[in-house]
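This is my_file-v4.txt. It holds compact mmCIF, C-alpha atoms.
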```txt
# COMPACT_ATOMS: atom_id res chain seq x y z
CA MET A 1 -31.39 24.64 4.00
CA ARG A 2 -27.68 25.19 3.31
CA GLU A 3 -26.03 23.10 0.60
CA ILE A 4 -22.63 21.76 1.71
CA LEU A 5 -20.69 20.42 -1.27
CA ILE A 6 -17.64 18.23 -0.63
CA VAL A 7 -15.30 17.68 -3.59
CA GLY A 8 -13.58 14.33 -3.05
CA GLY A 9 -14.39 11.34 -0.86
CA GLY A 10 -10.89 10.48 0.34
CA TYR A 11 -9.65 10.72 3.92
CA ALA A 12 -10.40 14.40 4.53
CA GLY A 13 -13.64 14.41 2.54
CA PHE A 14 -14.96 11.21 4.10
CA TYR A 15 -14.22 12.29 7.67
CA THR A 16 -15.67 15.75 7.03
CA ALA A 17 -18.94 14.28 5.72
CA TRP A 18 -18.99 11.62 8.45
CA GLY A 19 -18.51 14.23 11.16
CA LEU A 20 -21.14 16.54 9.70
CA GLU A 21 -23.72 13.74 9.47
CA LYS A 22 -23.40 13.10 13.19
CA LYS A 23 -24.04 16.73 14.16
CA VAL A 24 -26.17 18.40 11.46
CA ARG A 25 -29.74 18.97 12.59
CA ALA A 26 -32.72 18.03 10.44
CA GLY A 27 -33.35 20.77 7.90
CA GLU A 28 -30.12 22.62 8.77
CA ALA A 29 -28.01 21.54 5.80
CA ARG A 30 -27.74 18.98 3.01
CA ILE A 31 -24.41 17.29 2.41
CA THR A 32 -23.32 16.33 -1.11
CA VAL A 33 -20.13 14.36 -1.83
CA VAL A 34 -18.75 14.14 -5.37
CA ASP A 35 -16.21 11.42 -6.12
CA PRO A 36 -15.72 9.06 -9.09
CA ARG A 37 -15.14 6.09 -6.77
CA PRO A 38 -17.83 4.67 -4.47
CA TYR A 39 -15.34 4.15 -1.66
CA MET A 40 -12.58 5.73 0.37
CA THR A 41 -9.24 3.97 0.02
CA TYR A 42 -7.32 3.36 3.24
CA GLN A 43 -3.94 3.81 1.56
CA PRO A 44 -1.69 2.60 4.43
CA PHE A 45 -3.08 -0.89 3.74
CA LEU A 46 -2.15 -0.89 0.03
CA PRO A 47 1.37 -2.35 0.56
CA GLU A 48 -0.23 -5.22 2.50
CA VAL A 49 -2.82 -5.65 -0.26
CA THR A 50 0.05 -6.22 -2.71
CA ALA A 51 1.30 -9.01 -0.43
CA GLY A 52 -2.14 -10.49 0.19
CA SER A 53 -1.97 -9.70 3.92
CA VAL A 54 -5.08 -7.53 3.62
CA GLU A 55 -8.04 -8.38 1.40
CA ALA A 56 -8.44 -5.71 -1.29
CA ARG A 57 -12.05 -4.89 -0.43
CA HIS A 58 -11.12 -4.42 3.23
CA ALA A 59 -8.83 -1.51 2.29
CA ALA A 60 -11.84 0.27 0.79
CA VAL A 61 -14.56 1.88 2.92
CA SER A 62 -17.93 2.11 1.18
CA LEU A 63 -19.24 5.68 1.00
CA ARG A 64 -22.89 4.65 0.63
CA ARG A 65 -22.75 2.27 3.56
CA HIS A 66 -21.31 4.81 5.97
CA LEU A 67 -22.52 8.19 4.61
CA ARG A 68 -26.21 7.36 4.65
CA LYS A 69 -27.40 10.94 5.19
CA SER A 70 -25.38 12.45 2.36
CA ARG A 71 -26.16 12.73 -1.31
CA LEU A 72 -23.44 10.89 -3.25
CA ILE A 73 -22.63 11.71 -6.88
CA ALA A 74 -20.40 9.36 -8.87
CA GLY A 75 -18.37 11.77 -10.94
CA SER A 76 -15.43 14.15 -11.08
CA VAL A 77 -15.44 17.89 -10.52
CA THR A 78 -13.80 19.44 -13.59
CA GLU A 79 -14.08 23.13 -12.65
CA ILE A 80 -14.63 25.19 -9.52
CA ARG A 81 -15.95 28.75 -9.77
CA SER A 82 -16.13 30.26 -6.31
CA ALA A 83 -17.11 33.65 -7.75
CA ASP A 84 -20.59 32.36 -8.58
CA ARG A 85 -20.58 29.39 -6.15
CA THR A 86 -20.84 26.64 -8.74
CA VAL A 87 -18.83 23.59 -9.78
CA THR A 88 -18.97 21.55 -12.98
CA VAL A 89 -19.40 17.81 -12.51
CA ARG A 90 -18.56 15.17 -15.09
CA PRO A 91 -20.51 12.03 -14.11
CA VAL A 92 -19.25 8.54 -14.83
CA ASN A 93 -22.04 8.32 -17.44
CA GLY A 94 -23.92 11.17 -19.06
CA ASP A 95 -23.31 14.83 -19.75
CA GLU A 96 -21.61 17.38 -17.54
CA PHE A 97 -23.79 19.49 -15.29
CA GLU A 98 -23.44 22.27 -12.75
CA LEU A 99 -24.00 22.18 -9.00
CA ARG A 100 -24.55 25.22 -6.83
CA TYR A 101 -23.44 25.35 -3.22
CA ASP A 102 -23.59 27.49 -0.12
CA VAL A 103 -20.53 25.92 1.54
CA LEU A 104 -17.70 24.38 -0.48
CA VAL A 105 -15.19 21.85 0.89
CA VAL A 106 -12.30 20.96 -1.43
CA THR A 107 -10.67 17.66 -0.47
CA ALA A 108 -9.88 16.38 -3.96
CA GLY A 109 -6.58 14.83 -2.89
CA ALA A 110 -3.44 14.45 -4.95
CA VAL A 111 -2.57 12.39 -8.02
CA THR A 112 0.51 10.31 -8.81
CA ARG A 113 3.35 12.46 -10.06
CA THR A 114 5.00 11.16 -13.23
CA PHE A 115 7.88 12.30 -15.42
CA PRO A 116 8.47 11.99 -19.18
CA VAL A 117 10.44 8.75 -18.87
CA PRO A 118 10.26 6.65 -22.06
CA GLY A 119 8.11 3.55 -21.52
CA LEU A 120 6.94 4.60 -18.05
CA THR A 121 3.23 5.04 -18.77
CA GLU A 122 3.17 1.88 -20.91
CA HIS A 123 4.79 -0.50 -18.42
CA ALA A 124 4.66 0.90 -14.87
CA ILE A 125 1.89 0.55 -12.28
CA GLY A 126 1.20 3.09 -9.53
CA LEU A 127 0.42 2.31 -5.90
CA LYS A 128 -2.26 4.83 -4.98
CA HIS A 129 -5.48 2.87 -5.48
CA VAL A 130 -6.78 -0.58 -4.56
CA GLU A 131 -6.99 -1.63 -8.21
CA GLU A 132 -3.27 -0.94 -8.66
CA ALA A 133 -2.30 -2.88 -5.53
CA VAL A 134 -4.32 -5.89 -6.71
CA ALA A 135 -2.77 -5.70 -10.18
CA ILE A 136 0.74 -5.62 -8.69
CA ARG A 137 0.05 -8.69 -6.55
CA ASP A 138 -1.49 -10.65 -9.42
CA ARG A 139 1.35 -9.67 -11.77
CA LEU A 140 3.94 -11.03 -9.33
CA LEU A 141 2.04 -14.26 -8.65
CA THR A 142 1.49 -14.84 -12.36
CA ALA A 143 5.18 -14.18 -13.04
CA PHE A 144 6.14 -16.96 -10.64
CA ASP A 145 3.78 -19.39 -12.38
CA GLN A 146 5.23 -18.51 -15.78
CA ALA A 147 8.86 -18.53 -14.62
CA ALA A 148 8.49 -21.98 -13.07
CA SER A 149 7.65 -23.43 -16.50
CA LEU A 150 10.62 -21.80 -18.26
CA PRO A 151 14.25 -22.94 -18.34
CA PRO A 152 16.87 -20.64 -16.76
CA GLY A 153 17.54 -17.72 -19.08
CA PRO A 154 16.78 -14.06 -19.87
CA GLU A 155 12.98 -14.45 -19.99
CA ARG A 156 12.90 -16.22 -16.65
CA ARG A 157 15.16 -13.57 -15.08
CA LYS A 158 12.90 -10.81 -16.37
CA LEU A 159 9.81 -12.39 -14.84
CA LEU A 160 11.54 -12.63 -11.47
CA THR A 161 12.83 -9.04 -11.51
CA VAL A 162 10.84 -6.34 -9.69
CA THR A 163 11.64 -2.62 -9.78
CA VAL A 164 10.09 -0.07 -7.42
CA VAL A 165 10.80 3.59 -8.14
CA GLY A 166 10.43 5.92 -5.16
CA GLY A 167 11.89 5.65 -1.66
CA GLY A 168 9.07 7.27 0.32
CA PHE A 169 6.76 5.36 2.62
CA SER A 170 4.59 3.93 -0.16
CA GLY A 171 7.59 2.75 -2.15
CA VAL A 172 9.57 1.28 0.73
CA GLU A 173 6.55 -0.44 2.32
CA GLY A 174 5.38 -1.81 -1.02
CA PHE A 175 8.90 -2.96 -1.85
CA GLY A 176 9.36 -4.67 1.52
CA GLU A 177 6.00 -6.44 1.31
CA LEU A 178 6.63 -7.65 -2.27
CA LEU A 179 10.07 -8.92 -1.30
CA SER A 180 8.57 -10.75 1.68
CA LEU A 181 5.84 -12.26 -0.53
CA ALA A 182 8.32 -13.40 -3.19
CA THR A 183 10.61 -14.99 -0.61
CA ALA A 184 7.68 -16.87 0.94
CA MET A 185 6.49 -18.09 -2.48
CA LEU A 186 9.78 -19.92 -3.11
CA LYS A 187 8.59 -22.60 -0.65
CA VAL A 188 5.87 -23.69 -3.07
CA TYR A 189 7.96 -23.20 -6.23
CA PRO A 190 10.81 -25.72 -5.93
CA GLU A 191 11.74 -24.99 -9.56
CA LEU A 192 12.91 -21.49 -8.54
CA ALA A 193 15.85 -20.47 -6.36
CA PHE A 194 16.36 -17.46 -4.09
CA ASP A 195 19.33 -16.18 -6.08
CA GLU A 196 17.09 -15.91 -9.17
CA LEU A 197 15.02 -13.15 -7.52
CA SER A 198 16.14 -9.62 -8.37
CA PHE A 199 14.47 -6.76 -6.46
CA HIS A 200 15.51 -3.15 -7.13
CA LEU A 201 14.49 -0.03 -5.17
CA VAL A 202 15.36 3.19 -7.00
CA GLU A 203 15.50 6.55 -5.20
CA ALA A 204 16.65 9.88 -6.64
CA ARG A 205 17.81 11.24 -3.27
CA ASP A 206 20.69 10.02 -1.10
CA ARG A 207 18.35 8.35 1.42
CA ILE A 208 14.98 6.67 1.74
CA LEU A 209 12.09 7.32 4.14
CA PRO A 210 12.56 11.10 4.53
CA GLU A 211 10.13 11.12 7.49
CA VAL A 212 12.67 9.27 9.68
CA THR A 213 16.13 10.48 10.63
CA ASP A 214 19.35 9.41 8.92
CA LYS A 215 20.37 6.43 11.08
CA PRO A 216 17.01 4.61 11.00
CA GLY A 217 16.81 5.27 7.24
CA ALA A 218 20.27 3.77 6.75
CA TRP A 219 19.27 0.76 8.87
CA VAL A 220 16.29 0.14 6.56
CA VAL A 221 18.63 0.13 3.55
CA ARG A 222 20.94 -2.37 5.22
CA SER A 223 17.99 -4.52 6.27
CA LEU A 224 16.65 -4.69 2.72
CA GLU A 225 20.10 -5.45 1.29
CA ARG A 226 20.61 -8.29 3.79
CA ARG A 227 17.40 -9.79 2.40
CA GLY A 228 18.89 -9.77 -1.10
CA ALA A 229 17.50 -6.47 -2.40
CA HIS A 230 19.36 -3.87 -4.46
CA VAL A 231 18.87 -0.29 -3.24
CA HIS A 232 19.94 2.38 -5.75
CA LEU A 233 20.36 5.80 -4.08
CA ASN A 234 21.08 9.05 -5.95
CA THR A 235 19.69 7.24 -8.98
CA GLN A 236 16.88 7.98 -11.42
CA LEU A 237 14.94 5.86 -13.87
CA THR A 238 15.80 7.12 -17.37
CA SER A 239 13.96 4.55 -19.50
CA ALA A 240 11.56 1.64 -19.16
CA GLN A 241 10.83 0.89 -22.81
CA GLY A 242 9.78 -2.70 -23.39
CA GLY A 243 10.27 -3.41 -19.69
CA HIS A 244 14.02 -2.77 -20.08
CA VAL A 245 15.06 -0.60 -17.13
CA VAL A 246 17.85 1.92 -17.63
CA LEU A 247 19.13 3.81 -14.59
CA SER A 248 21.07 7.07 -14.45
CA SER A 249 23.93 5.15 -12.84
CA GLY A 250 24.40 3.23 -16.10
CA GLU A 251 22.90 -0.04 -14.87
CA GLU A 252 20.45 -1.84 -17.17
CA PHE A 253 18.25 -4.89 -16.71
CA ASP A 254 14.91 -6.32 -17.85
CA SER A 255 12.10 -6.11 -15.30
CA GLY A 256 8.76 -7.92 -15.50
CA LEU A 257 7.16 -5.64 -12.89
CA ILE A 258 7.77 -1.89 -12.53
CA VAL A 259 6.03 0.02 -9.72
CA TRP A 260 6.08 3.83 -9.68
CA THR A 261 5.69 5.58 -6.29
CA ALA A 262 7.81 8.69 -6.88
CA GLY A 263 5.65 11.23 -5.10
CA ASN A 264 2.38 13.09 -5.55
CA ALA A 265 1.27 16.06 -7.63
CA SER A 266 -1.56 18.50 -7.00
CA ASN A 267 -4.95 17.51 -8.38
CA PRO A 268 -5.40 18.99 -11.90
CA VAL A 269 -8.80 20.50 -11.06
CA VAL A 270 -7.19 22.41 -8.18
CA HIS A 271 -4.08 23.38 -10.11
CA ASN A 272 -5.64 24.36 -13.43
CA HIS A 273 -9.42 24.67 -13.22
CA THR A 274 -10.36 26.84 -10.29
CA ASP A 275 -10.36 30.49 -9.26
CA LEU A 276 -9.33 29.58 -5.72
CA PRO A 277 -5.95 30.93 -4.52
CA ILE A 278 -3.12 28.42 -4.99
CA ASP A 279 0.55 28.48 -4.06
CA GLU A 280 3.65 27.80 -6.15
CA ARG A 281 3.17 24.01 -5.76
CA GLY A 282 -0.40 24.13 -7.05
CA LEU A 283 -1.94 23.62 -3.59
CA ILE A 284 -4.87 25.61 -2.23
CA VAL A 285 -3.87 28.38 0.16
CA VAL A 286 -5.64 27.88 3.49
CA ARG A 287 -5.55 29.48 6.91
CA PRO A 288 -4.80 27.50 10.09
CA ASP A 289 -8.55 27.09 10.64
CA LEU A 290 -8.77 25.40 7.18
CA ARG A 291 -10.68 28.26 5.58
CA VAL A 292 -9.44 29.01 2.06
CA GLY A 293 -7.52 32.27 1.71
CA THR A 294 -5.22 34.26 3.97
CA ASP A 295 -5.71 35.89 7.35
CA SER A 296 -6.25 39.23 5.66
CA ASP A 297 -8.29 37.94 2.71
CA PRO A 298 -10.34 34.80 3.53
CA LEU A 299 -12.92 33.37 1.15
CA PRO A 300 -16.28 33.07 2.88
CA ASP A 301 -17.82 29.59 3.01
CA VAL A 302 -14.90 27.87 1.24
CA TRP A 303 -12.76 25.31 3.07
CA ALA A 304 -10.02 22.86 2.09
CA ALA A 305 -7.94 20.09 3.68
CA GLY A 306 -5.90 17.02 2.84
CA ASP A 307 -3.30 16.52 0.13
CA ASP A 308 -4.56 19.35 -2.10
CA ALA A 309 -4.27 22.03 0.62
CA ALA A 310 -1.24 23.89 1.95
CA VAL A 311 -2.22 23.69 5.62
CA PRO A 312 0.02 25.65 8.05
CA ASP A 313 1.72 23.32 10.53
CA LEU A 314 1.30 25.11 13.84
CA ALA A 315 3.03 22.27 15.70
CA SER A 316 6.26 22.71 13.73
CA PRO A 317 9.05 24.96 15.05
CA VAL A 318 9.93 25.89 11.45
CA PRO A 319 8.32 29.19 10.38
CA GLY A 320 6.01 28.78 7.39
CA ALA A 321 6.00 24.98 7.61
CA ARG A 322 3.10 23.07 6.05
CA THR A 323 1.63 19.78 7.20
CA VAL A 324 2.97 16.77 5.29
CA PRO A 325 0.49 14.99 2.98
CA ASN A 326 -0.23 11.84 4.95
CA ALA A 327 -3.21 9.99 6.37
CA GLN A 328 -2.46 11.05 9.94
CA HIS A 329 -3.06 14.72 9.06
CA ALA A 330 -5.87 14.20 6.53
CA VAL A 331 -8.03 12.26 8.99
CA ARG A 332 -7.62 14.82 11.74
CA GLN A 333 -8.09 17.75 9.37
CA GLY A 334 -11.37 16.21 8.22
CA ARG A 335 -12.59 15.93 11.80
CA ARG A 336 -11.59 19.53 12.59
CA LEU A 337 -13.15 20.71 9.34
CA ALA A 338 -16.53 19.19 10.23
CA LYS A 339 -16.48 20.94 13.60
CA ASN A 340 -15.42 24.28 12.12
CA ILE A 341 -18.08 24.23 9.40
CA LEU A 342 -20.80 23.55 11.96
CA ALA A 343 -19.45 26.27 14.25
CA ASP A 344 -19.40 28.73 11.36
CA LEU A 345 -22.96 27.83 10.29
CA ARG A 346 -24.22 28.37 13.84
CA GLY A 347 -22.31 31.57 14.54
CA GLY A 348 -19.81 29.88 16.84
CA THR A 349 -16.03 30.07 17.07
CA VAL A 350 -13.85 28.09 14.68
CA ARG A 351 -10.55 26.68 15.86
CA ASP A 352 -7.16 26.28 14.23
CA TYR A 353 -5.91 22.87 13.19
CA ARG A 354 -2.95 21.75 15.28
CA HIS A 355 -1.60 18.23 15.54
CA SER A 356 1.75 17.05 16.80
CA SER A 357 3.03 13.93 15.08
CA LEU A 358 2.55 10.65 16.93
CA GLY A 359 5.65 9.31 15.23
CA VAL A 360 6.08 7.30 12.04
CA VAL A 361 5.78 3.56 11.59
CA ALA A 362 6.36 1.45 8.49
CA THR A 363 6.08 -2.20 7.55
CA LEU A 364 9.03 -3.76 5.74
CA GLY A 365 7.39 -7.12 5.14
CA LEU A 366 5.89 -9.83 7.30
CA GLY A 367 7.35 -9.58 10.81
CA ARG A 368 9.58 -6.61 9.96
CA GLY A 369 9.05 -2.91 10.59
CA ILE A 370 10.43 0.35 11.93
CA PHE A 371 8.97 2.97 14.28
CA GLN A 372 10.35 6.36 15.28
CA TYR A 373 9.04 8.99 17.65
CA LYS A 374 11.57 11.80 18.11
CA GLY A 375 14.66 10.00 19.46
CA ILE A 376 12.92 6.68 20.13
CA VAL A 377 13.51 4.07 17.42
CA ILE A 378 12.05 0.55 17.47
CA LYS A 379 12.96 -2.02 14.82
CA GLY A 380 11.91 -5.49 13.77
CA LEU A 381 8.97 -7.56 14.98
CA LEU A 382 7.78 -5.14 17.70
CA ALA A 383 7.66 -2.24 15.22
CA TRP A 384 5.73 -4.43 12.77
CA LEU A 385 3.21 -5.30 15.48
CA MET A 386 2.90 -1.60 16.33
CA HIS A 387 2.24 -0.88 12.64
CA ARG A 388 -0.56 -3.42 12.49
CA GLY A 389 -2.00 -2.37 15.82
CA TYR A 390 -2.07 1.31 14.91
CA HIS A 391 -3.66 0.82 11.50
CA VAL A 392 -6.30 -1.68 12.55
CA LEU A 393 -7.40 0.94 15.09
CA ALA A 394 -7.10 3.81 12.60
CA VAL A 395 -9.07 2.29 9.71
CA PRO A 396 -12.59 3.76 9.94
CA THR A 397 -15.61 1.77 11.14
CA TRP A 398 -15.65 -1.29 13.40
CA GLU A 399 -16.86 -3.41 10.51
CA ARG A 400 -13.60 -2.84 8.63
CA LYS A 401 -11.47 -3.34 11.74
CA VAL A 402 -13.03 -6.75 12.38
CA ARG A 403 -12.68 -7.86 8.75
CA VAL A 404 -9.00 -6.90 8.57
CA LEU A 405 -8.22 -8.52 11.91
CA ALA A 406 -9.99 -11.71 10.81
CA VAL A 407 -7.80 -11.93 7.68
CA TRP A 408 -4.64 -11.44 9.74
CA LEU A 409 -5.65 -14.17 12.19
CA THR A 410 -6.51 -16.54 9.34
CA ALA A 411 -3.15 -15.89 7.68
CA ALA A 412 -1.36 -16.53 10.99
CA ALA A 413 -3.04 -19.94 11.19
CA PHE A 414 -2.91 -21.06 7.55
CA GLY A 415 -0.27 -18.89 5.90
CA ARG A 416 -0.47 -16.57 2.90
CA ASP A 417 -3.05 -17.01 0.16
CA LEU A 418 -0.94 -17.42 -2.99
CA VAL A 419 -3.69 -17.60 -5.62
CA SER A 420 -3.43 -15.21 -8.57
CA LEU A 421 -6.64 -13.85 -10.07
CA ALA A 422 -5.03 -11.82 -12.84
CA SER A 423 -7.65 -13.09 -15.28
CA VAL A 424 -10.33 -10.96 -13.60
CA GLN A 425 -8.73 -7.94 -15.26
CA HIS A 426 -9.88 -9.39 -18.60
CA PRO A 427 -13.12 -11.22 -17.73
CA ARG A 428 -14.31 -11.67 -21.33
CA ASP A 429 -11.26 -13.58 -22.59
CA GLU A 430 -12.59 -17.06 -21.89
CA PHE A 431 -16.10 -16.15 -23.00
CA VAL A 432 -14.93 -14.87 -26.40
CA THR A 433 -12.16 -17.37 -27.14
CA GLY A 434 -13.53 -20.46 -25.39
CA SER A 435 -15.55 -21.62 -28.39
CA ASP A 436 -12.53 -21.45 -30.72
CA PRO A 437 -9.45 -23.35 -29.47
CA ARG A 438 -7.35 -21.74 -32.22
CA ARG A 439 -7.82 -18.34 -30.49
CA ALA A 440 -6.81 -19.56 -27.04
CA GLY A 441 -4.56 -17.04 -25.34
CA GLU A 442 -5.78 -14.14 -27.46
CA ARG A 443 -7.41 -11.14 -25.85
CA PRO A 444 -10.50 -9.60 -27.43
CA ALA A 445 -9.74 -6.25 -29.04
CA GLY A 446 -12.21 -4.44 -26.81
CA ASP A 447 -10.50 -5.75 -23.68
CA ARG A 448 -6.94 -4.83 -24.49
CA THR A 449 -5.27 -3.04 -21.60
CA THR A 450 -1.69 -1.87 -21.21
CA VAL A 451 -0.11 -1.66 -17.78
```

Can you present the structure in this file as structure tokens?
Amino acid sequence: MREILIVGGGYAGFYTAWGLEKKVRAGEARITVVDPRPYMTYQPFLPEVTAGSVEARHAAVSLRRHLRKSRLIAGSVTEIRSADRTVTVRPVNGDEFELRYDVLVVTAGAVTRTFPVPGLTEHAIGLKHVEEAVAIRDRLLTAFDQAASLPPGPERRKLLTVTVVGGGFSGVEGFGELLSLATAMLKVYPELAFDELSFHLVEARDRILPEVTDKPGAWVVRSLERRGAHVHLNTQLTSAQGGHVVLSSGEEFDSGLIVWTAGNASNPVVHNHTDLPIDERGLIVVRPDLRVGTDSDPLPDVWAAGDDAAVPDLASPVPGARTVPNAQHAVRQGRRLAKNILADLRGGTVRDYRHSSLGVVATLGLGRGIFQYKGIVIKGLLAWLMHRGYHVLAVPTWERKVRVLAVWLTAAAFGRDLVSLASVQHPRDEFVTGSDPRRAGERPAGDRTTV
């Protein structure tokens, strides 16, 4: 029986395993998935998780619930050695061990790209995982509670100041959703005024949303500014020490919440700890059929897809173009990968991956959005409805679709849920300090966390 080893349980890895489970015959192959998390994150929902429009658990698809025929290992692959067909796995608990394979699928995904900005790692939060989206939401809700009890002044202004760095889809969608949430919260905080909110979007390039053309991108900037936001183009974050934001334009201000969404970097295991061929960006070199290698020198039984692979974009008119790292491609690459692996195992014909974009759609907050397909641009409420419709259909499994739709319908009837559960990030605080009133507000040393 062939051993199929899948490194990473994200979009491409999940859909590859899911597709294989449906078609693999009994005794034909065993599927093993290695990932430190027990779920696949549906990342397009993360901006709505920050705003409470999607329940955090509904943006995560359980691997064990839906990959029932696969062997799941909770751990991280730290080294890949294709020469002897082994990988090294570091489990969540216990010592490292080696796994052998007959067929290797590398779908390890990308990691958040950071820069050596003073104070960044101490004070910023990313927006790539469910835990980060929840932390961002709770931080903003808690800031409103704290600001409402303070008199007007520098500390209150800091709590009501939000900075998002990165003008790609994650940054703009997260920024728009947080701005929408903050504006809605003013209705239940009469102590606070709209002009006390200060939202800053920082982008190093001269435009945001590079996936859309210039005019729609400029419209998004104007739309955000009309809602009271500050959009800083051609600007970089140079310091965030102590929560004090310093921009390359010379502007400075204190910010209680800093969110970093300035792009992705190749996974370290792919970039530094493998003998697989990689390109100048640290991505795995793959052929159009998703086999690792080149047309003249393919690696047998090694495949890759998703954000850690440089997949040729056959639908692009630009020679040498690569598919962009988004969910639309990763899902479809995973499905094609499952079919190609089965065809290869059975002596059949593998096919190239080709997918023409269906357009791009983004949420800019409750009731606001933008959609573009070639020259067709739709703005406002209709685009927002298209965003929700597309993603509720795209999220895997009917169980998740129903849960997400139920939350949206409940919110439409009763409004946003504005309860902060920031204390769950430090669950032992009350247990340790509750018996000693003099220690109230302290955090046990073992629970100290910096974000």

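For segment 185-198 of chain A, the residues within 10 Å (counting all atoms listed in the file, excluding itself and residues fewer than 5 positions away along the chain) are A:Leu141, A:Phe144, A:Asp145, A:Ala147, A:Ala148, A:Ser149, A:Leu150, A:Pro151, A:Pro152, A:Arg156, A:Arg157, A:Lys158, A:Leu159, A:Leu160, A:Thr161, A:Val162, A:Thr163, A:Leu179, A:Ser180, A:Gly228, A:Ala229, A:His230, A:Phe253, A:Ser255, A:Arg416, A:Asp417, A:Leu418.
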
Export, as a CSV table (one decimal), in the coordinates of the input, the selected residues with C-alpha atoms.
```
chain,number,residue,atom,x,y,z
A,141,LEU,CA,2.0,-14.3,-8.6
A,144,PHE,CA,6.1,-17.0,-10.6
A,145,ASP,CA,3.8,-19.4,-12.4
A,147,ALA,CA,8.9,-18.5,-14.6
A,148,ALA,CA,8.5,-22.0,-13.1
A,149,SER,CA,7.6,-23.4,-16.5
A,150,LEU,CA,10.6,-21.8,-18.3
A,151,PRO,CA,14.2,-22.9,-18.3
A,152,PRO,CA,16.9,-20.6,-16.8
A,156,ARG,CA,12.9,-16.2,-16.6
A,157,ARG,CA,15.2,-13.6,-15.1
A,158,LYS,CA,12.9,-10.8,-16.4
A,159,LEU,CA,9.8,-12.4,-14.8
A,160,LEU,CA,11.5,-12.6,-11.5
A,161,THR,CA,12.8,-9.0,-11.5
A,162,VAL,CA,10.8,-6.3,-9.7
A,163,THR,CA,11.6,-2.6,-9.8
A,179,LEU,CA,10.1,-8.9,-1.3
A,180,SER,CA,8.6,-10.8,1.7
A,228,GLY,CA,18.9,-9.8,-1.1
A,229,ALA,CA,17.5,-6.5,-2.4
A,230,HIS,CA,19.4,-3.9,-4.5
A,253,PHE,CA,18.2,-4.9,-16.7
A,255,SER,CA,12.1,-6.1,-15.3
A,416,ARG,CA,-0.5,-16.6,2.9
A,417,ASP,CA,-3.0,-17.0,0.2
A,418,LEU,CA,-0.9,-17.4,-3.0
```

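A straight line drawn from atom CA of Gly168 of chain A to atom CA of Ile6 of chain A is 28.9 Å long.
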
- Rank nothing, just name the residue among A:Val285, A:Ala83, A:Val164, A:Ala51 nearest to Ala411 of chain A, using all atoms listed in the file. A:Ala51

Counting all atoms listed in the file, which residues in segment 154-239 of chain A sit no more than 12 Å from segment 257-277 of chain A? For each one, give the nearest pair of atoms and the distance in Å, sorted by chain then residue number, as CSV.
```
residue,atom,partner,partner_atom,distance
A:Arg157,CA,A:Leu257,CA,11.5
A:Lys158,CA,A:Leu257,CA,8.5
A:Leu159,CA,A:Leu257,CA,7.5
A:Leu160,CA,A:Leu257,CA,8.4
A:Thr161,CA,A:Leu257,CA,6.8
A:Val162,CA,A:Leu257,CA,4.9
A:Thr163,CA,A:Ile258,CA,4.8
A:Val164,CA,A:Val259,CA,4.7
A:Val165,CA,A:Trp260,CA,5.0
A:Gly166,CA,A:Ala262,CA,4.2
A:Gly167,CA,A:Ala262,CA,7.3
A:Gly168,CA,A:Ala262,CA,7.4
A:Phe169,CA,A:Thr261,CA,9.0
A:Ser170,CA,A:Thr261,CA,6.4
A:Gly171,CA,A:Thr261,CA,5.4
A:Val172,CA,A:Thr261,CA,9.1
A:Glu173,CA,A:Thr261,CA,10.5
A:Gly174,CA,A:Val259,CA,8.9
A:Phe175,CA,A:Val259,CA,8.9
A:Leu178,CA,A:Val259,CA,10.7
A:Ser198,CA,A:Leu257,CA,10.8
A:Phe199,CA,A:Leu257,CA,9.8
A:His200,CA,A:Ile258,CA,9.5
A:Leu201,CA,A:Val259,CA,9.6
A:Val202,CA,A:Ala262,CA,9.3
A:Glu203,CA,A:Ala262,CA,8.2
A:Ala204,CA,A:Ala262,CA,8.9
A:Arg205,CA,A:Ala262,CA,10.9
A:Ile208,CA,A:Ala262,CA,11.4
A:Leu209,CA,A:Ala262,CA,11.9
A:Pro210,CA,A:Gly263,CA,11.9
A:Gln236,CA,A:Ala262,CA,10.2
A:Leu237,CA,A:Trp260,CA,10.0
A:Ser239,CA,A:Ile258,CA,11.3
```

- Work out how far apart atom CA of Gln241 of chain A and atom CA of Pro116 of chain A are and give it in Å to one decimal. 11.9 Å

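Comparing A:Val424, A:Ala26, A:Ala330, A:Leu46 by their smallest distance to Leu127 of chain A, the closest is A:Leu46 (using all atoms listed in the file).
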
- Message: Between A:Asp295, A:Glu21, A:Val220, A:Ser249, which residue has the minimum interatomic distance to His66 of chain A, considering only C-alpha atoms?
- Response: A:Glu21

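Note that the spacing between atom CA of Val331 of chain A and atom CA of Tyr11 of chain A amounts to 5.5 Å.
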
- Query: From the list A:Gly389, A:Ala362, A:Thr397, A:Arg25, which residue is nearest Ser62 of chain A when using all atoms listed in the file?
  - Reply: A:Thr397

- Near Gly369 of chain A, counting all atoms listed in the file, which residues have an atom at most 10 Å away, once you skip same-chain residues fewer than 5 positions from it, shown as a PyMOL selection string? chain A and resi 173+176+220+361-364+378-388

Report, as AutoDock Vina command-line options, the centre and edge lengths in Å (one decimal) of the axis-aligned box enclosing every listed atom of segment 44-61 of chain A, padded by 6 Å on each side.
```
--center_x -6.6 --center_y -3.9 --center_z 0.9 --size_x 27.9 --size_y 25.1 --size_z 19.1
```

- Item | All residues 8 Å or closer to segment 320-326 of chain A, all atoms listed in the file, same chain fewer than 4 positions away omitted, as a ChimeraX atom specification | /A:306-307,310-314,316,330
